[in-house]
Amino acid sequence: MRILVAEDEKDLNEVIVKRLADENYAVDSVFDGKTALDYMLNTNYDIVLLDVMMPGMDGFDVLRSYRSEGGESPVLFLTARDAVSDRVRGLDTGADDYLVKPFSFQELLARIRVLLRRNPGKNTSPILQVGDLSLDTLSHTASRRGRKIDLSSKEYAILEYLMRNEGTVLSRESIREHIWSWDYDGESNIVDVYIRYLRKKIDDGEDVKLISTIRGSGYIIRGGGHDN
């Protein structure tokens, strides 16, 4: 899952980004409102964490402009402004949630999980199931027919994205954008490399292969299996 952190307090921004990365989220970060809006309009984020008081353009104006352009990503305001009128304004502007600073990081993670479950078309259960493959999004553990599958952080993130979109062909670009942040400057075939890792761990030795390549399009996971 990919998250944008728009927060002008540098130290807080860096702490949030590091903690989210430790939880296997791909994270981009910005420090002003205009840059935040540009990122939001050009990237399909799963969640945006948006400060209210930012230079250039405040969070209310950022969100108002984003929604007016048809932006649908869930937005959670992070702000020290705790007046009821500010909360009402934020929600009326189009925010999905509002968290007042200082806050517990565990509460932030819980609210992120809630917003992910609310996202239309997404699986709302913390346990994702495709065929006989299970993924626990709370403990970040995977198993197939009782066999535990050890995953790296990137393998887990890709598998979760595939399973949340079961039956949908996901392009390499879509997977890369959801799993790696903008500052990634590595191998161009990185998605193919990690899909191979996942296939080896999930499908090798199994009669039913769950992960399939759709030539020229990308990858898909489906419970019914495939031939290639």
# chains A, B, ... in the order shown; residues from 1 in each chain; ligands from 1
>>> closest_atom_pairs(of="range 82-192 of chain A", to="range 23-33 of chain A", cutoff="12 Å", atoms="only C-alpha atoms", output="tab-separated table")
residue	atom	partner	partner_atom	distance
A:Phe105	CA	A:Glu23	CA	11.3
A:Gln106	CA	A:Glu23	CA	11.1
A:Leu108	CA	A:Glu23	CA	11.9
A:Leu109	CA	A:Glu23	CA	8.9
A:Ala110	CA	A:Glu23	CA	11.9
A:Ile112	CA	A:Tyr25	CA	10.8
A:Arg113	CA	A:Glu23	CA	11.6
A:Thr137	CA	A:Glu23	CA	10.5
A:Leu138	CA	A:Glu23	CA	10.2
A:Ser139	CA	A:Glu23	CA	10.3
A:His140	CA	A:Glu23	CA	9.1
A:Leu151	CA	A:Asn24	CA	11.2
A:Ser152	CA	A:Asn24	CA	9.2
A:Ser153	CA	A:Asn24	CA	5.5
A:Lys154	CA	A:Asn24	CA	7.0
A:Glu155	CA	A:Asn24	CA	9.5
A:Tyr156	CA	A:Asn24	CA	7.7
A:Ala157	CA	A:Asn24	CA	6.4
A:Ile158	CA	A:Asn24	CA	10.0
A:Leu159	CA	A:Asn24	CA	11.6
A:Glu160	CA	A:Asn24	CA	10.5
A:Tyr161	CA	A:Tyr25	CA	11.0
A:Ile175	CA	A:Ala26	CA	11.0
A:Arg176	CA	A:Ala26	CA	9.8
A:Glu177	CA	A:Ala26	CA	8.7
A:His178	CA	A:Ala26	CA	6.8
A:Ile179	CA	A:Ala26	CA	5.2
A:Trp180	CA	A:Ala26	CA	5.3
A:Ser181	CA	A:Ala26	CA	5.4
A:Trp182	CA	A:Asp28	CA	6.4
A:Asp183	CA	A:Asp28	CA	8.0
A:Tyr184	CA	A:Ala26	CA	10.2
>>> select_by_dssp(residues="range 30-94 of chain A", states="strand (DSSP E)", output="PDB file with all heavy atoms, in the first residue's frame")
ATOM      1  N   VAL A  30       6.164  15.026   1.502  1.00  0.00           N
ATOM      2  CA  VAL A  30       6.312  16.397   1.034  1.00  0.00           C
ATOM      3  C   VAL A  30       6.145  17.325   2.238  1.00  0.00           C
ATOM      4  O   VAL A  30       5.651  16.915   3.294  1.00  0.00           O
ATOM      5  CB  VAL A  30       5.287  16.754  -0.064  1.00  0.00           C
ATOM      6  CG1 VAL A  30       5.489  15.881  -1.288  1.00  0.00           C
ATOM      7  CG2 VAL A  30       3.855  16.596   0.458  1.00  0.00           C
ATOM      8  N   ILE A  47      -3.775   6.027   0.763  1.00  0.00           N
ATOM      9  CA  ILE A  47      -4.154   6.949   1.830  1.00  0.00           C
ATOM     10  C   ILE A  47      -3.231   8.169   1.770  1.00  0.00           C
ATOM     11  O   ILE A  47      -2.041   8.045   1.455  1.00  0.00           O
ATOM     12  CB  ILE A  47      -4.036   6.298   3.229  1.00  0.00           C
ATOM     13  CG1 ILE A  47      -5.116   5.219   3.415  1.00  0.00           C
ATOM     14  CG2 ILE A  47      -4.179   7.327   4.340  1.00  0.00           C
ATOM     15  CD1 ILE A  47      -5.029   4.504   4.732  1.00  0.00           C
ATOM     16  N   VAL A  48      -3.779   9.328   2.108  1.00  0.00           N
ATOM     17  CA  VAL A  48      -2.986  10.554   2.238  1.00  0.00           C
ATOM     18  C   VAL A  48      -3.096  11.039   3.678  1.00  0.00           C
ATOM     19  O   VAL A  48      -4.206  11.189   4.207  1.00  0.00           O
ATOM     20  CB  VAL A  48      -3.476  11.659   1.277  1.00  0.00           C
ATOM     21  CG1 VAL A  48      -2.695  12.956   1.510  1.00  0.00           C
ATOM     22  CG2 VAL A  48      -3.353  11.200  -0.170  1.00  0.00           C
ATOM     23  N   LEU A  49      -1.960  11.275   4.326  1.00  0.00           N
ATOM     24  CA  LEU A  49      -1.911  11.889   5.650  1.00  0.00           C
ATOM     25  C   LEU A  49      -1.562  13.359   5.432  1.00  0.00           C
ATOM     26  O   LEU A  49      -0.459  13.676   4.977  1.00  0.00           O
ATOM     27  CB  LEU A  49      -0.865  11.210   6.532  1.00  0.00           C
ATOM     28  CG  LEU A  49      -0.996   9.689   6.685  1.00  0.00           C
ATOM     29  CD1 LEU A  49       0.071   9.158   7.638  1.00  0.00           C
ATOM     30  CD2 LEU A  49      -2.380   9.302   7.176  1.00  0.00           C
ATOM     31  N   LEU A  50      -2.501  14.244   5.748  1.00  0.00           N
ATOM     32  CA  LEU A  50      -2.401  15.638   5.329  1.00  0.00           C
ATOM     33  C   LEU A  50      -2.436  16.590   6.522  1.00  0.00           C
ATOM     34  O   LEU A  50      -3.411  16.619   7.279  1.00  0.00           O
ATOM     35  CB  LEU A  50      -3.565  15.943   4.370  1.00  0.00           C
ATOM     36  CG  LEU A  50      -3.610  17.299   3.688  1.00  0.00           C
ATOM     37  CD1 LEU A  50      -2.401  17.490   2.779  1.00  0.00           C
ATOM     38  CD2 LEU A  50      -4.908  17.408   2.868  1.00  0.00           C
ATOM     39  N   ASP A  51      -1.360  17.356   6.688  1.00  0.00           N
ATOM     40  CA  ASP A  51      -1.329  18.382   7.719  1.00  0.00           C
ATOM     41  C   ASP A  51      -2.216  19.550   7.277  1.00  0.00           C
ATOM     42  O   ASP A  51      -2.416  19.771   6.081  1.00  0.00           O
ATOM     43  CB  ASP A  51       0.113  18.853   7.919  1.00  0.00           C
ATOM     44  CG  ASP A  51       0.266  19.814   9.081  1.00  0.00           C
ATOM     45  OD1 ASP A  51      -0.589  19.790   9.985  1.00  0.00           O
ATOM     46  OD2 ASP A  51       1.244  20.573   9.081  1.00  0.00           O
ATOM     47  N   VAL A  75      -8.344  10.506   2.800  1.00  0.00           N
ATOM     48  CA  VAL A  75      -7.475  11.531   3.374  1.00  0.00           C
ATOM     49  C   VAL A  75      -7.709  11.622   4.875  1.00  0.00           C
ATOM     50  O   VAL A  75      -8.856  11.734   5.327  1.00  0.00           O
ATOM     51  CB  VAL A  75      -7.721  12.908   2.727  1.00  0.00           C
ATOM     52  CG1 VAL A  75      -6.944  14.002   3.455  1.00  0.00           C
ATOM     53  CG2 VAL A  75      -7.334  12.879   1.247  1.00  0.00           C
ATOM     54  N   LEU A  76      -6.621  11.564   5.635  1.00  0.00           N
ATOM     55  CA  LEU A  76      -6.673  11.693   7.083  1.00  0.00           C
ATOM     56  C   LEU A  76      -5.897  12.947   7.462  1.00  0.00           C
ATOM     57  O   LEU A  76      -4.701  13.049   7.187  1.00  0.00           O
ATOM     58  CB  LEU A  76      -6.064  10.458   7.741  1.00  0.00           C
ATOM     59  CG  LEU A  76      -6.224  10.282   9.261  1.00  0.00           C
ATOM     60  CD1 LEU A  76      -6.005   8.816   9.634  1.00  0.00           C
ATOM     61  CD2 LEU A  76      -5.251  11.141  10.049  1.00  0.00           C
ATOM     62  N   PHE A  77      -6.583  13.906   8.069  1.00  0.00           N
ATOM     63  CA  PHE A  77      -5.917  15.118   8.523  1.00  0.00           C
ATOM     64  C   PHE A  77      -5.128  14.843   9.796  1.00  0.00           C
ATOM     65  O   PHE A  77      -5.626  14.223  10.735  1.00  0.00           O
ATOM     66  CB  PHE A  77      -6.939  16.225   8.811  1.00  0.00           C
ATOM     67  CG  PHE A  77      -7.274  17.078   7.628  1.00  0.00           C
ATOM     68  CD1 PHE A  77      -8.600  17.323   7.284  1.00  0.00           C
ATOM     69  CD2 PHE A  77      -6.283  17.658   6.849  1.00  0.00           C
ATOM     70  CE1 PHE A  77      -8.920  18.117   6.199  1.00  0.00           C
ATOM     71  CE2 PHE A  77      -6.585  18.456   5.763  1.00  0.00           C
ATOM     72  CZ  PHE A  77      -7.908  18.693   5.433  1.00  0.00           C
ATOM     73  N   LEU A  78      -3.876  15.335   9.825  1.00  0.00           N
ATOM     74  CA  LEU A  78      -3.051  15.326  11.020  1.00  0.00           C
ATOM     75  C   LEU A  78      -2.797  16.781  11.384  1.00  0.00           C
ATOM     76  O   LEU A  78      -2.172  17.512  10.621  1.00  0.00           O
ATOM     77  CB  LEU A  78      -1.709  14.624  10.760  1.00  0.00           C
ATOM     78  CG  LEU A  78      -1.744  13.151  10.367  1.00  0.00           C
ATOM     79  CD1 LEU A  78      -0.337  12.659  10.072  1.00  0.00           C
ATOM     80  CD2 LEU A  78      -2.374  12.316  11.470  1.00  0.00           C
ATOM     81  N   THR A  79      -3.286  17.223  12.547  1.00  0.00           N
ATOM     82  CA  THR A  79      -3.176  18.640  12.858  1.00  0.00           C
ATOM     83  C   THR A  79      -3.243  18.902  14.349  1.00  0.00           C
ATOM     84  O   THR A  79      -3.821  18.117  15.101  1.00  0.00           O
ATOM     85  CB  THR A  79      -4.297  19.428  12.152  1.00  0.00           C
ATOM     86  OG1 THR A  79      -4.201  20.817  12.498  1.00  0.00           O
ATOM     87  CG2 THR A  79      -5.652  18.895  12.552  1.00  0.00           C
TER      88      THR A  79
END
>>> closest_residue(among="A:Gly70, A:Ser134, A:Gly59, A:Met163", to="Tyr98 in chain A", atoms="only C-alpha atoms")
A:Gly59
>>> atom_distance(atom1="CA of Arg196 in chain A", atom2="CA of Asp150 in chain A")
14.5 Å
>>> residues_around(residues="Thr168 in chain A", least_positions_apart="6", cutoff="10 Å", atoms="only C-alpha atoms", output="ChimeraX atom specification")
/A:162,218-222
>>> atom_distance(atom1="CA of Arg81 in chain A", atom2="CA of Pro102 in chain A")
10.5 Å
>>> select_by_dssp(residues="range 33-75 of chain A", states="alpha helix (DSSP H)", output="PDB file with C-alpha atoms, in the first residue's frame")
ATOM      1  CA  GLY A  33       0.659  22.179   0.286  1.00  0.00           C
ATOM      2  CA  LYS A  34       1.284  22.867  -3.394  1.00  0.00           C
ATOM      3  CA  THR A  35       3.661  19.932  -3.708  1.00  0.00           C
ATOM      4  CA  ALA A  36       1.191  17.750  -1.822  1.00  0.00           C
ATOM      5  CA  LEU A  37      -1.566  18.586  -4.301  1.00  0.00           C
ATOM      6  CA  ASP A  38       0.734  17.857  -7.249  1.00  0.00           C
ATOM      7  CA  TYR A  39       1.626  14.438  -5.816  1.00  0.00           C
ATOM      8  CA  MET A  40      -2.008  13.651  -5.025  1.00  0.00           C
ATOM      9  CA  LEU A  41      -3.180  14.490  -8.531  1.00  0.00           C
ATOM     10  CA  ASN A  42      -0.460  12.447 -10.207  1.00  0.00           C
ATOM     11  CA  GLY A  59      -4.524  21.372   3.972  1.00  0.00           C
ATOM     12  CA  PHE A  60      -8.129  22.490   3.634  1.00  0.00           C
ATOM     13  CA  ASP A  61      -7.409  24.146   0.269  1.00  0.00           C
ATOM     14  CA  VAL A  62      -5.330  21.173  -0.865  1.00  0.00           C
ATOM     15  CA  LEU A  63      -8.149  18.753  -0.138  1.00  0.00           C
ATOM     16  CA  ARG A  64     -10.810  21.018  -1.634  1.00  0.00           C
ATOM     17  CA  SER A  65      -8.824  21.290  -4.889  1.00  0.00           C
ATOM     18  CA  TYR A  66      -8.098  17.565  -4.917  1.00  0.00           C
ATOM     19  CA  ARG A  67     -11.743  16.571  -4.484  1.00  0.00           C
ATOM     20  CA  SER A  68     -12.839  19.112  -7.117  1.00  0.00           C
TER      21      SER A  68
END
>>> closest_atom_pairs(of="range 91-194 of chain A", to="range 203-216 of chain A", cutoff="9 Å", atoms="only C-alpha atoms", output="CSV")
residue,atom,partner,partner_atom,distance
A:Val130,CA,A:Leu210,CA,8.0
A:Gly131,CA,A:Leu210,CA,7.8
A:Leu133,CA,A:Leu210,CA,8.6
A:Leu162,CA,A:Ile211,CA,8.9
A:Val169,CA,A:Ile214,CA,7.3
A:Ser171,CA,A:Gly216,CA,8.7
>>> atom_distance(atom1="CA of Glu173 in chain A", atom2="CA of Ile3 in chain A")
16.4 Å
